[in-house]
Amino acid sequence: MAWSLLIRNGMVIDGTGAPVERADVAVEGERIAAVAPRLLGEAGRSIDATGHYVTPGFIDVHSHSDLFYLGCPAAESKIRQGCTTEVVGMCSFSPAPVHPARRDTVRAWAGGIGARLQIDWETFAQYLDRLRAARPSINIVHMVGHGALRLAAIGPDARAATPDELRVMERLLAEALDAGAFGYSTGLVYPPSVYGSTDELIALSKSMASRGGLYFSHIRGEAATLEAAIAEAIRIGEAGGVGVQIAHVKAAGPENWGKMDRVLRMIDEARARGLDVTGDAYPYNAGSTKMDNLLPPWVHDGGVQKLLERLADRPARRKILEDCLIDGERWRTPMGTLGFDQIFVATCSRPELEGLDLAQLARKTGTTPTEALLNLVEQERAGVSMVVFSQSEDNVAKVLGHPAIMVGSDSLGLSAGPGPHPGKPHPRMYGTFPRVLGVYAREKKLFSWETAVNKMTGMPAGKLRLNDRGLVRPGFAADLAVFDPVAVKDAATYADPHRHPTGIPYVVVNGAVVVDQGRMNSAGTGRVLTPA
Ligand code: ZN
Ligand code: CU
């Protein structure tokens, strides 16, 4: 027998959760051809995996790389972690569909941080064609963003959809599913998704239920309203007849940390009723998003231009302070009530400010933390991101260890060298998967290697009904990761985030060796996947 690729002498973790077994893995073209001990035969390429685990390529079930693919199709920071598939179009954001009269609005909304979207498409199908033409190195599962649906059908206004507008959104969602979307996502703290009612989301879910569409939910608040927001997401799935994925499950703000047990019980109870409710998490106690999300929803009404006008207006600034500033020293946000030393500038146009917390920024600029915050968002025209330490380490482990939780990085794929490589982004962009393996499986022994791998492969593949990915099994796509269980380790830190992990020497995407002895080949062998 002659294979195109033979990975010899490794220990195979197949992705189902079943125990590790010593086996060789043979690949023919884009598919796994055989998995068995001591496979004989010639191979075009042979890799010795002695002392290494051979696993399915990881599926990042929550990613925002779609905002970068067209400029950065290599997605190196993801692939170097062992990822071979990303689920994008998350948290209400997707680059399509686009109303031709609102291209600028979509560009300002979706392209906030470093991304330079040249929008020359309208429909989801046209956009996916552009994505295929960009020859991504990673496989892509795309959701359509509820924010994009709303911008296309309604615009950025803070109001309910009319019955006609709801029908337009349903039609645009159906078109996206026809083109290859797997469902839709919300970001119910982000404008304009935040303006959608529960009934609107149930109607959209019902309209895709018979087609197996999935609802991915960044819920309506991860802090004060956490339990009600979880209940809403479950209700949308139940009344809409669709599977639900709760994004980056967390309790934000110390005053809410005690709610996590109840939240996980709500998920268990929904599953016990037969509902397909699952979630994802990343292995860090800090989150990251655009800094303007520290401002209350009314400030965003009408889009970025309106936001900037309000920031230039004294009475509006005073009203923001009245709404958010507590005792002169803490800030009430959708991410809980936070001290100014828990909020860090991640990426903006001025490198000297990146990595400072808001208290430090205030000292540096000779003003108060609140003025420093409002000034920065205004000066950067809302194009500034932040890292926010809002969660407890105990909860991070509790959530990651829960049987209905998978691993999602909630990050962008970046590449070193030319292209976007800015600032001090959250280290999860480079470190999520090796950190789960190295810290949570090896060091903390939170779960077995097999369970850790299942949360990154078979479990998300099952949720997405990817029937030929996510397992090491003959006939499946040859998406594989090879890592050293002793050495696998994340290297990215908050202070120095642009660092690839160690201990992951090989990554195979559709049969092509994309990471080879720890070096990246931008093979462009990723596919835009379509639902079964
Ligand atoms: Zn989100
Ligand atoms: Cu997200």
# chains A, B, ... in the order shown; residues from 1 in each chain; ligands from 1
>>> residues_near_ligand(ligand="ligand 1", cutoff="7 Å", atoms="only C-alpha atoms and all ligand atoms", output="PyMOL selection string")
chain A and resi 90-91+187+218+247-248+410
>>> residues_around(residues="Met291 in chain A", least_positions_apart="6", cutoff="6 Å", atoms="only C-alpha atoms", output="compact mmCIF listing (two decimals) with N, CA, C and O atoms, in the first residue's frame")
# COMPACT_ATOMS: atom_id res chain seq x y z
N VAL A 384 -10.45 50.95 19.68
CA VAL A 384 -9.50 50.54 20.73
C VAL A 384 -10.08 49.34 21.46
O VAL A 384 -11.26 49.31 21.79
N SER A 385 -9.25 48.33 21.68
CA SER A 385 -9.70 47.14 22.39
C SER A 385 -9.07 47.09 23.77
O SER A 385 -8.12 47.83 24.07
N MET A 386 -9.61 46.22 24.62
CA MET A 386 -9.14 46.16 26.01
C MET A 386 -9.09 44.71 26.48
O MET A 386 -9.71 43.83 25.89
>>> atom_distance(atom1="CA of Pro163 in chain A", atom2="CA of Ser207 in chain A")
13.8 Å
>>> residues_near_ligand(ligand="ligand 2", cutoff="10 Å", atoms="only C-alpha atoms and all ligand atoms", output="mmCIF file with all heavy atoms, in the first residue's frame")
data_model
loop_
_atom_site.group_PDB
_atom_site.id
_atom_site.type_symbol
_atom_site.label_atom_id
_atom_site.label_comp_id
_atom_site.auth_asym_id
_atom_site.auth_seq_id
_atom_site.Cartn_x
_atom_site.Cartn_y
_atom_site.Cartn_z
ATOM 1 N N HIS A 62 -15.305 28.888 18.932
ATOM 2 C CA HIS A 62 -15.710 30.299 19.052
ATOM 3 C C HIS A 62 -14.537 31.191 18.637
ATOM 4 O O HIS A 62 -13.604 31.410 19.403
ATOM 5 C CB HIS A 62 -16.132 30.628 20.481
ATOM 6 C CG HIS A 62 -16.732 31.998 20.612
ATOM 7 N ND1 HIS A 62 -18.055 32.205 20.964
ATOM 8 C CD2 HIS A 62 -16.209 33.225 20.400
ATOM 9 C CE1 HIS A 62 -18.299 33.509 20.972
ATOM 10 N NE2 HIS A 62 -17.192 34.156 20.639
ATOM 11 N N SER A 63 -14.595 31.699 17.425
ATOM 12 C CA SER A 63 -13.486 32.492 16.897
ATOM 13 C C SER A 63 -14.012 33.728 16.170
ATOM 14 O O SER A 63 -15.143 33.743 15.667
ATOM 15 C CB SER A 63 -12.673 31.640 15.929
ATOM 16 O OG SER A 63 -11.759 32.435 15.217
ATOM 17 N N HIS A 64 -13.166 34.738 16.127
ATOM 18 C CA HIS A 64 -13.513 35.967 15.386
ATOM 19 C C HIS A 64 -12.558 36.210 14.219
ATOM 20 O O HIS A 64 -12.431 37.344 13.749
ATOM 21 C CB HIS A 64 -13.506 37.156 16.337
ATOM 22 C CG HIS A 64 -14.643 37.142 17.309
ATOM 23 N ND1 HIS A 64 -15.914 37.546 16.977
ATOM 24 C CD2 HIS A 64 -14.718 36.736 18.596
ATOM 25 C CE1 HIS A 64 -16.718 37.405 18.024
ATOM 26 N NE2 HIS A 64 -16.009 36.908 19.019
ATOM 27 N N VAL A 88 -16.674 30.700 13.072
ATOM 28 C CA VAL A 88 -16.635 32.170 13.069
ATOM 29 C C VAL A 88 -18.015 32.754 12.768
ATOM 30 O O VAL A 88 -18.960 32.025 12.491
ATOM 31 C CB VAL A 88 -15.593 32.691 12.041
ATOM 32 C CG1 VAL A 88 -14.191 32.248 12.412
ATOM 33 C CG2 VAL A 88 -15.962 32.254 10.637
ATOM 34 N N GLY A 89 -18.075 34.099 12.784
ATOM 35 C CA GLY A 89 -19.368 34.772 12.654
ATOM 36 C C GLY A 89 -20.044 34.830 14.020
ATOM 37 O O GLY A 89 -21.239 34.627 14.151
ATOM 38 N N MET A 90 -19.233 35.077 15.037
ATOM 39 C CA MET A 90 -19.672 34.945 16.426
ATOM 40 C C MET A 90 -20.123 36.276 17.026
ATOM 41 O O MET A 90 -19.759 37.342 16.550
ATOM 42 C CB MET A 90 -18.497 34.434 17.260
ATOM 43 C CG MET A 90 -18.107 32.999 16.977
ATOM 44 S SD MET A 90 -19.297 31.833 17.623
ATOM 45 C CE MET A 90 -20.005 31.232 16.130
ATOM 46 N N CYS A 91 -20.866 36.159 18.127
ATOM 47 C CA CYS A 91 -21.201 37.320 18.970
ATOM 48 C C CYS A 91 -21.919 38.404 18.175
ATOM 49 O O CYS A 91 -21.714 39.595 18.450
ATOM 50 C CB CYS A 91 -19.952 37.892 19.640
ATOM 51 S SG CYS A 91 -19.093 36.743 20.725
ATOM 52 N N SER A 92 -22.691 38.008 17.166
ATOM 53 C CA SER A 92 -23.512 38.901 16.322
ATOM 54 C C SER A 92 -22.747 39.497 15.155
ATOM 55 O O SER A 92 -23.335 40.131 14.287
ATOM 56 C CB SER A 92 -24.173 40.044 17.115
ATOM 57 O OG SER A 92 -23.267 41.106 17.362
ATOM 58 N N PHE A 93 -21.408 39.300 15.119
ATOM 59 C CA PHE A 93 -20.586 39.918 14.073
ATOM 60 C C PHE A 93 -20.371 38.957 12.910
ATOM 61 O O PHE A 93 -19.969 37.817 13.104
ATOM 62 C CB PHE A 93 -19.219 40.314 14.625
ATOM 63 C CG PHE A 93 -19.305 41.362 15.692
ATOM 64 C CD1 PHE A 93 -19.325 41.011 17.023
ATOM 65 C CD2 PHE A 93 -19.398 42.699 15.348
ATOM 66 C CE1 PHE A 93 -19.430 41.980 18.010
ATOM 67 C CE2 PHE A 93 -19.504 43.674 16.327
ATOM 68 C CZ PHE A 93 -19.519 43.314 17.658
ATOM 69 N N SER A 185 -25.691 33.891 15.132
ATOM 70 C CA SER A 185 -25.161 34.212 16.457
ATOM 71 C C SER A 185 -25.683 35.567 16.906
ATOM 72 O O SER A 185 -25.928 36.450 16.085
ATOM 73 C CB SER A 185 -23.627 34.266 16.416
ATOM 74 O OG SER A 185 -23.186 35.452 15.793
ATOM 75 N N THR A 186 -25.824 35.715 18.216
ATOM 76 C CA THR A 186 -26.139 37.037 18.766
ATOM 77 C C THR A 186 -24.989 37.537 19.621
ATOM 78 O O THR A 186 -24.159 36.772 20.096
ATOM 79 C CB THR A 186 -27.381 36.999 19.688
ATOM 80 O OG1 THR A 186 -27.184 36.007 20.695
ATOM 81 C CG2 THR A 186 -28.644 36.728 18.910
ATOM 82 N N GLY A 187 -25.011 38.853 19.831
ATOM 83 C CA GLY A 187 -24.157 39.503 20.827
ATOM 84 C C GLY A 187 -25.069 40.480 21.545
ATOM 85 O O GLY A 187 -25.120 41.654 21.187
ATOM 86 N N PHE A 216 -26.047 30.357 18.260
ATOM 87 C CA PHE A 216 -24.875 30.615 19.105
ATOM 88 C C PHE A 216 -25.093 31.943 19.812
ATOM 89 O O PHE A 216 -25.248 32.971 19.154
ATOM 90 C CB PHE A 216 -23.596 30.662 18.266
ATOM 91 C CG PHE A 216 -22.986 29.301 18.019
ATOM 92 C CD1 PHE A 216 -23.759 28.240 17.558
ATOM 93 C CD2 PHE A 216 -21.636 29.083 18.232
ATOM 94 C CE1 PHE A 216 -23.198 26.985 17.327
ATOM 95 C CE2 PHE A 216 -21.065 27.837 18.012
ATOM 96 C CZ PHE A 216 -21.839 26.783 17.560
ATOM 97 N N SER A 217 -25.088 31.926 21.136
ATOM 98 C CA SER A 217 -25.519 33.096 21.896
ATOM 99 C C SER A 217 -24.417 33.697 22.754
ATOM 100 O O SER A 217 -23.935 33.061 23.687
ATOM 101 C CB SER A 217 -26.704 32.706 22.796
ATOM 102 O OG SER A 217 -27.190 33.856 23.459
ATOM 103 N N HIS A 218 -23.999 34.914 22.424
ATOM 104 C CA HIS A 218 -23.389 35.765 23.452
ATOM 105 C C HIS A 218 -24.594 36.396 24.136
ATOM 106 O O HIS A 218 -25.327 37.159 23.522
ATOM 107 C CB HIS A 218 -22.467 36.809 22.817
ATOM 108 C CG HIS A 218 -21.828 37.723 23.829
ATOM 109 N ND1 HIS A 218 -20.588 38.270 23.645
ATOM 110 C CD2 HIS A 218 -22.269 38.195 25.021
ATOM 111 C CE1 HIS A 218 -20.287 39.037 24.681
ATOM 112 N NE2 HIS A 218 -21.290 39.007 25.525
ATOM 113 N N ALA A 247 -21.933 31.127 24.419
ATOM 114 C CA ALA A 247 -20.561 31.549 24.165
ATOM 115 C C ALA A 247 -19.859 31.902 25.466
ATOM 116 O O ALA A 247 -20.466 32.456 26.390
ATOM 117 C CB ALA A 247 -20.553 32.760 23.236
ATOM 118 N N HIS A 248 -18.571 31.615 25.501
ATOM 119 C CA HIS A 248 -17.698 32.006 26.617
ATOM 120 C C HIS A 248 -18.455 32.108 27.938
ATOM 121 O O HIS A 248 -18.624 33.191 28.492
ATOM 122 C CB HIS A 248 -16.941 33.310 26.316
ATOM 123 C CG HIS A 248 -17.697 34.348 25.540
ATOM 124 N ND1 HIS A 248 -18.806 34.969 26.027
ATOM 125 C CD2 HIS A 248 -17.505 34.858 24.297
ATOM 126 C CE1 HIS A 248 -19.246 35.834 25.119
ATOM 127 N NE2 HIS A 248 -18.487 35.773 24.065
ATOM 128 N N GLY A 287 -11.199 38.699 30.026
ATOM 129 C CA GLY A 287 -11.854 38.730 28.732
ATOM 130 C C GLY A 287 -11.290 39.865 27.903
ATOM 131 O O GLY A 287 -10.386 40.591 28.337
ATOM 132 N N SER A 288 -11.810 40.015 26.686
ATOM 133 C CA SER A 288 -11.350 41.102 25.833
ATOM 134 C C SER A 288 -12.431 41.466 24.831
ATOM 135 O O SER A 288 -13.095 40.596 24.283
ATOM 136 C CB SER A 288 -10.083 40.674 25.078
ATOM 137 O OG SER A 288 -9.653 41.723 24.226
ATOM 138 N N THR A 289 -12.592 42.751 24.648
ATOM 139 C CA THR A 289 -13.537 43.235 23.644
ATOM 140 C C THR A 289 -13.170 44.686 23.341
ATOM 141 O O THR A 289 -12.152 45.192 23.819
ATOM 142 C CB THR A 289 -14.997 43.094 24.131
ATOM 143 O OG1 THR A 289 -15.897 43.474 23.087
ATOM 144 C CG2 THR A 289 -15.273 43.954 25.353
ATOM 145 N N GLY A 408 -13.349 27.206 23.307
ATOM 146 C CA GLY A 408 -13.442 28.235 22.270
ATOM 147 C C GLY A 408 -12.562 29.401 22.662
ATOM 148 O O GLY A 408 -12.596 29.834 23.819
ATOM 149 N N SER A 409 -11.758 29.906 21.743
ATOM 150 C CA SER A 409 -10.766 30.917 22.123
ATOM 151 C C SER A 409 -11.341 32.325 22.195
ATOM 152 O O SER A 409 -10.790 33.192 22.844
ATOM 153 C CB SER A 409 -9.609 30.910 21.127
ATOM 154 O OG SER A 409 -10.007 31.509 19.909
ATOM 155 N N ASP A 410 -12.456 32.579 21.478
ATOM 156 C CA ASP A 410 -13.015 33.934 21.392
ATOM 157 C C ASP A 410 -11.955 34.920 20.888
ATOM 158 O O ASP A 410 -11.844 36.033 21.384
ATOM 159 C CB ASP A 410 -13.557 34.379 22.756
ATOM 160 C CG ASP A 410 -14.460 35.598 22.657
ATOM 161 O OD1 ASP A 410 -14.840 35.970 21.530
ATOM 162 O OD2 ASP A 410 -14.768 36.187 23.707
ATOM 163 N N SER A 411 -11.175 34.527 19.888
ATOM 164 C CA SER A 411 -10.066 35.379 19.464
ATOM 165 C C SER A 411 -9.920 35.398 17.951
ATOM 166 O O SER A 411 -10.681 34.778 17.228
ATOM 167 C CB SER A 411 -8.763 34.872 20.088
ATOM 168 O OG SER A 411 -8.341 33.697 19.436
ATOM 169 N N LEU A 412 -8.901 36.109 17.495
ATOM 170 C CA LEU A 412 -8.619 36.262 16.074
ATOM 171 C C LEU A 412 -7.386 35.453 15.709
ATOM 172 O O LEU A 412 -6.470 35.331 16.506
ATOM 173 C CB LEU A 412 -8.286 37.718 15.754
ATOM 174 C CG LEU A 412 -9.238 38.788 16.243
ATOM 175 C CD1 LEU A 412 -8.498 40.107 16.327
ATOM 176 C CD2 LEU A 412 -10.408 38.901 15.295
#
>>> atom_distance(atom1="CA of Ala23 in chain A", atom2="CA of Asp516 in chain A")
20.2 Å
>>> closest_atom_pairs(of="range 482-506 of chain A", to="range 436-439 of chain A", cutoff="12 Å", atoms="only C-alpha atoms", output="CSV")
residue,atom,partner,partner_atom,distance
A:Phe483,CA,A:Leu437,CA,9.8
A:Asp484,CA,A:Gly438,CA,9.9
A:Pro485,CA,A:Gly438,CA,7.6
A:Val486,CA,A:Gly438,CA,8.1
A:Ala487,CA,A:Gly438,CA,7.8
A:Val488,CA,A:Gly438,CA,5.6
A:Lys489,CA,A:Gly438,CA,5.1
A:Asp490,CA,A:Gly438,CA,7.3
A:Ala491,CA,A:Gly438,CA,10.6
A:Pro501,CA,A:Gly438,CA,10.2
A:Thr502,CA,A:Gly438,CA,10.1
A:Gly503,CA,A:Gly438,CA,9.6
A:Ile504,CA,A:Leu437,CA,11.0
>>> atom_distance(atom1="CA of Leu5 in chain A", atom2="CA of Arg45 in chain A")
4.8 Å
>>> closest_residue(among="A:Thr365, A:Thr337, A:Thr451, A:Asn256", to="Ile405 in chain A", atoms="only C-alpha atoms")
A:Thr451
>>> select_by_dssp(residues="range 87-215 of chain A", states="alpha helix (DSSP H)", output="mmCIF file with N, CA and C atoms, in the first residue's frame")
data_model
loop_
_atom_site.group_PDB
_atom_site.id
_atom_site.type_symbol
_atom_site.label_atom_id
_atom_site.label_comp_id
_atom_site.auth_asym_id
_atom_site.auth_seq_id
_atom_site.Cartn_x
_atom_site.Cartn_y
_atom_site.Cartn_z
ATOM 1 N N ARG A 103 -22.579 50.055 3.499
ATOM 2 C CA ARG A 103 -21.233 49.470 3.536
ATOM 3 C C ARG A 103 -20.360 50.121 4.610
ATOM 4 N N ASP A 104 -20.419 51.457 4.675
ATOM 5 C CA ASP A 104 -19.557 52.165 5.634
ATOM 6 C C ASP A 104 -19.933 51.811 7.067
ATOM 7 N N THR A 105 -21.233 51.699 7.315
ATOM 8 C CA THR A 105 -21.697 51.334 8.654
ATOM 9 C C THR A 105 -21.147 49.967 9.042
ATOM 10 N N VAL A 106 -21.217 49.017 8.114
ATOM 11 C CA VAL A 106 -20.738 47.663 8.416
ATOM 12 C C VAL A 106 -19.229 47.673 8.618
ATOM 13 N N ARG A 107 -18.533 48.458 7.810
ATOM 14 C CA ARG A 107 -17.075 48.515 7.942
ATOM 15 C C ARG A 107 -16.685 49.056 9.324
ATOM 16 N N ALA A 108 -17.353 50.123 9.752
ATOM 17 C CA ALA A 108 -17.041 50.710 11.061
ATOM 18 C C ALA A 108 -17.412 49.758 12.196
ATOM 19 N N TRP A 109 -18.444 48.971 11.981
ATOM 20 C CA TRP A 109 -18.970 48.083 13.036
ATOM 21 C C TRP A 109 -18.131 46.812 13.147
ATOM 22 N N ALA A 110 -17.876 46.166 12.025
ATOM 23 C CA ALA A 110 -17.194 44.860 12.055
ATOM 24 C C ALA A 110 -15.684 44.998 11.969
ATOM 25 N N PHE A 124 -24.414 36.829 1.533
ATOM 26 C CA PHE A 124 -23.533 35.906 2.249
ATOM 27 C C PHE A 124 -22.804 35.005 1.259
ATOM 28 N N ALA A 125 -23.496 34.600 0.184
ATOM 29 C CA ALA A 125 -22.867 33.725 -0.820
ATOM 30 C C ALA A 125 -21.695 34.436 -1.499
ATOM 31 N N GLN A 126 -21.874 35.703 -1.843
ATOM 32 C CA GLN A 126 -20.772 36.458 -2.475
ATOM 33 C C GLN A 126 -19.582 36.574 -1.529
ATOM 34 N N TYR A 127 -19.884 36.831 -0.263
ATOM 35 C CA TYR A 127 -18.811 36.932 0.728
ATOM 36 C C TYR A 127 -18.068 35.605 0.869
ATOM 37 N N LEU A 128 -18.792 34.483 0.955
ATOM 38 C CA LEU A 128 -18.114 33.186 1.087
ATOM 39 C C LEU A 128 -17.262 32.884 -0.141
ATOM 40 N N ASP A 129 -17.694 33.324 -1.313
ATOM 41 C CA ASP A 129 -16.856 33.158 -2.516
ATOM 42 C C ASP A 129 -15.539 33.925 -2.366
ATOM 43 N N ARG A 130 -15.624 35.142 -1.831
ATOM 44 C CA ARG A 130 -14.397 35.926 -1.593
ATOM 45 C C ARG A 130 -13.485 35.208 -0.599
ATOM 46 N N LEU A 131 -14.100 34.622 0.413
ATOM 47 C CA LEU A 131 -13.339 33.907 1.434
ATOM 48 C C LEU A 131 -12.629 32.694 0.823
ATOM 49 N N ARG A 132 -13.329 31.939 -0.012
ATOM 50 C CA ARG A 132 -12.694 30.781 -0.669
ATOM 51 C C ARG A 132 -11.526 31.247 -1.541
ATOM 52 N N ALA A 133 -11.745 32.353 -2.242
ATOM 53 C CA ALA A 133 -10.703 32.853 -3.143
ATOM 54 C C ALA A 133 -9.460 33.304 -2.373
ATOM 55 N N HIS A 146 -26.263 38.098 13.923
ATOM 56 C CA HIS A 146 -27.553 38.798 14.070
ATOM 57 C C HIS A 146 -27.383 40.299 13.868
ATOM 58 N N GLY A 147 -26.239 40.836 14.266
ATOM 59 C CA GLY A 147 -25.991 42.262 14.046
ATOM 60 C C GLY A 147 -25.950 42.592 12.565
ATOM 61 N N ALA A 148 -25.331 41.701 11.773
ATOM 62 C CA ALA A 148 -25.282 41.925 10.332
ATOM 63 C C ALA A 148 -26.685 41.845 9.732
ATOM 64 N N LEU A 149 -27.478 40.880 10.201
ATOM 65 C CA LEU A 149 -28.862 40.771 9.714
ATOM 66 C C LEU A 149 -29.633 42.046 10.033
ATOM 67 N N ARG A 150 -29.440 42.550 11.254
ATOM 68 C CA ARG A 150 -30.166 43.765 11.660
ATOM 69 C C ARG A 150 -29.686 44.984 10.878
ATOM 70 N N LEU A 151 -28.351 45.106 10.707
ATOM 71 C CA LEU A 151 -27.850 46.259 9.952
ATOM 72 C C LEU A 151 -28.382 46.239 8.516
ATOM 73 N N ALA A 152 -28.472 45.049 7.944
ATOM 74 C CA ALA A 152 -28.937 44.949 6.562
ATOM 75 C C ALA A 152 -30.434 45.223 6.451
ATOM 76 N N ALA A 153 -31.194 44.780 7.452
ATOM 77 C CA ALA A 153 -32.653 44.883 7.348
ATOM 78 C C ALA A 153 -33.205 46.159 7.967
ATOM 79 N N PRO A 163 -42.844 44.051 11.539
ATOM 80 C CA PRO A 163 -43.092 42.729 10.938
ATOM 81 C C PRO A 163 -42.425 42.581 9.570
ATOM 82 N N ASP A 164 -42.421 43.636 8.768
ATOM 83 C CA ASP A 164 -41.754 43.559 7.460
ATOM 84 C C ASP A 164 -40.251 43.355 7.609
ATOM 85 N N GLU A 165 -39.658 44.104 8.527
ATOM 86 C CA GLU A 165 -38.202 43.976 8.743
ATOM 87 C C GLU A 165 -37.837 42.587 9.258
ATOM 88 N N LEU A 166 -38.705 42.038 10.111
ATOM 89 C CA LEU A 166 -38.444 40.677 10.597
ATOM 90 C C LEU A 166 -38.459 39.695 9.429
ATOM 91 N N ARG A 167 -39.402 39.877 8.511
ATOM 92 C CA ARG A 167 -39.438 38.988 7.333
ATOM 93 C C ARG A 167 -38.174 39.137 6.491
ATOM 94 N N VAL A 168 -37.670 40.368 6.385
ATOM 95 C CA VAL A 168 -36.410 40.566 5.634
ATOM 96 C C VAL A 168 -35.263 39.820 6.322
ATOM 97 N N MET A 169 -35.191 39.933 7.650
ATOM 98 C CA MET A 169 -34.127 39.223 8.380
ATOM 99 C C MET A 169 -34.249 37.718 8.182
ATOM 100 N N GLU A 170 -35.480 37.197 8.209
ATOM 101 C CA GLU A 170 -35.672 35.754 8.005
ATOM 102 C C GLU A 170 -35.218 35.340 6.606
ATOM 103 N N ARG A 171 -35.497 36.191 5.630
ATOM 104 C CA ARG A 171 -35.083 35.869 4.260
ATOM 105 C C ARG A 171 -33.561 35.902 4.137
ATOM 106 N N LEU A 172 -32.932 36.928 4.743
ATOM 107 C CA LEU A 172 -31.459 37.013 4.690
ATOM 108 C C LEU A 172 -30.809 35.838 5.416
ATOM 109 N N LEU A 173 -31.413 35.415 6.526
ATOM 110 C CA LEU A 173 -30.893 34.250 7.254
ATOM 111 C C LEU A 173 -31.016 33.002 6.378
ATOM 112 N N ALA A 174 -32.156 32.833 5.720
ATOM 113 C CA ALA A 174 -32.343 31.660 4.842
ATOM 114 C C ALA A 174 -31.327 31.677 3.704
ATOM 115 N N GLU A 175 -31.081 32.853 3.151
ATOM 116 C CA GLU A 175 -30.071 32.959 2.080
ATOM 117 C C GLU A 175 -28.684 32.576 2.580
ATOM 118 N N ALA A 176 -28.361 33.002 3.804
ATOM 119 C CA ALA A 176 -27.055 32.662 4.381
ATOM 120 C C ALA A 176 -26.944 31.153 4.597
ATOM 121 N N LEU A 177 -28.029 30.530 5.086
ATOM 122 C CA LEU A 177 -28.017 29.074 5.268
ATOM 123 C C LEU A 177 -27.862 28.380 3.915
ATOM 124 N N ASP A 178 -28.562 28.885 2.897
ATOM 125 C CA ASP A 178 -28.404 28.319 1.543
ATOM 126 C C ASP A 178 -26.939 28.371 1.100
ATOM 127 N N ALA A 179 -26.270 29.459 1.458
ATOM 128 C CA ALA A 179 -24.886 29.654 1.009
ATOM 129 C C ALA A 179 -23.898 28.809 1.804
ATOM 130 N N THR A 198 -36.408 39.093 22.676
ATOM 131 C CA THR A 198 -36.472 37.625 22.745
ATOM 132 C C THR A 198 -37.378 37.090 21.639
ATOM 133 N N ASP A 199 -38.521 37.752 21.422
ATOM 134 C CA ASP A 199 -39.454 37.267 20.392
ATOM 135 C C ASP A 199 -38.826 37.306 19.006
ATOM 136 N N GLU A 200 -38.064 38.359 18.723
ATOM 137 C CA GLU A 200 -37.381 38.438 17.423
ATOM 138 C C GLU A 200 -36.445 37.235 17.241
ATOM 139 N N LEU A 201 -35.724 36.883 18.311
ATOM 140 C CA LEU A 201 -34.745 35.800 18.217
ATOM 141 C C LEU A 201 -35.430 34.438 18.134
ATOM 142 N N ILE A 202 -36.580 34.308 18.813
ATOM 143 C CA ILE A 202 -37.351 33.060 18.678
ATOM 144 C C ILE A 202 -37.866 32.928 17.249
ATOM 145 N N ALA A 203 -38.349 34.032 16.680
ATOM 146 C CA ALA A 203 -38.864 33.979 15.301
ATOM 147 C C ALA A 203 -37.752 33.591 14.330
ATOM 148 N N LEU A 204 -36.589 34.194 14.481
ATOM 149 C CA LEU A 204 -35.468 33.841 13.602
ATOM 150 C C LEU A 204 -35.092 32.368 13.779
ATOM 151 N N SER A 205 -35.094 31.903 15.022
ATOM 152 C CA SER A 205 -34.748 30.499 15.277
ATOM 153 C C SER A 205 -35.763 29.578 14.634
ATOM 154 N N LYS A 206 -37.047 29.880 14.820
ATOM 155 C CA LYS A 206 -38.099 29.043 14.211
ATOM 156 C C LYS A 206 -37.912 28.954 12.708
ATOM 157 N N SER A 207 -37.501 30.079 12.104
ATOM 158 C CA SER A 207 -37.413 30.109 10.638
ATOM 159 C C SER A 207 -36.302 29.198 10.125
ATOM 160 N N MET A 208 -35.348 28.814 10.988
ATOM 161 C CA MET A 208 -34.267 27.934 10.521
ATOM 162 C C MET A 208 -34.317 26.548 11.173
ATOM 163 N N ALA A 209 -35.334 26.326 12.040
ATOM 164 C CA ALA A 209 -35.355 25.086 12.831
ATOM 165 C C ALA A 209 -35.420 23.845 11.946
#
>>> decode(residues="range 256-263 of chain A", atoms="N, CA and C atoms", output="PDB file, in the first residue's frame")
ATOM      1  N   ASN A 256     -20.666  38.730  41.043  1.00  0.00           N
ATOM      2  CA  ASN A 256     -21.458  37.696  40.358  1.00  0.00           C
ATOM      3  C   ASN A 256     -20.804  36.319  40.347  1.00  0.00           C
ATOM      4  N   TRP A 257     -19.613  36.220  40.897  1.00  0.00           N
ATOM      5  CA  TRP A 257     -18.885  34.943  40.804  1.00  0.00           C
ATOM      6  C   TRP A 257     -19.661  33.788  41.433  1.00  0.00           C
ATOM      7  N   GLY A 258     -20.420  34.098  42.507  1.00  0.00           N
ATOM      8  CA  GLY A 258     -21.165  33.047  43.209  1.00  0.00           C
ATOM      9  C   GLY A 258     -22.304  32.456  42.398  1.00  0.00           C
ATOM     10  N   LYS A 259     -22.609  33.041  41.238  1.00  0.00           N
ATOM     11  CA  LYS A 259     -23.750  32.558  40.447  1.00  0.00           C
ATOM     12  C   LYS A 259     -23.414  31.363  39.556  1.00  0.00           C
ATOM     13  N   MET A 260     -22.128  31.007  39.467  1.00  0.00           N
ATOM     14  CA  MET A 260     -21.739  30.037  38.443  1.00  0.00           C
ATOM     15  C   MET A 260     -22.352  28.656  38.646  1.00  0.00           C
ATOM     16  N   ASP A 261     -22.459  28.202  39.903  1.00  0.00           N
ATOM     17  CA  ASP A 261     -23.051  26.876  40.126  1.00  0.00           C
ATOM     18  C   ASP A 261     -24.483  26.836  39.604  1.00  0.00           C
ATOM     19  N   ARG A 262     -25.219  27.888  39.883  1.00  0.00           N
ATOM     20  CA  ARG A 262     -26.608  27.952  39.430  1.00  0.00           C
ATOM     21  C   ARG A 262     -26.677  27.937  37.891  1.00  0.00           C
ATOM     22  N   VAL A 263     -25.772  28.677  37.251  1.00  0.00           N
ATOM     23  CA  VAL A 263     -25.756  28.725  35.777  1.00  0.00           C
ATOM     24  C   VAL A 263     -25.507  27.332  35.204  1.00  0.00           C
TER      25      VAL A 263
END
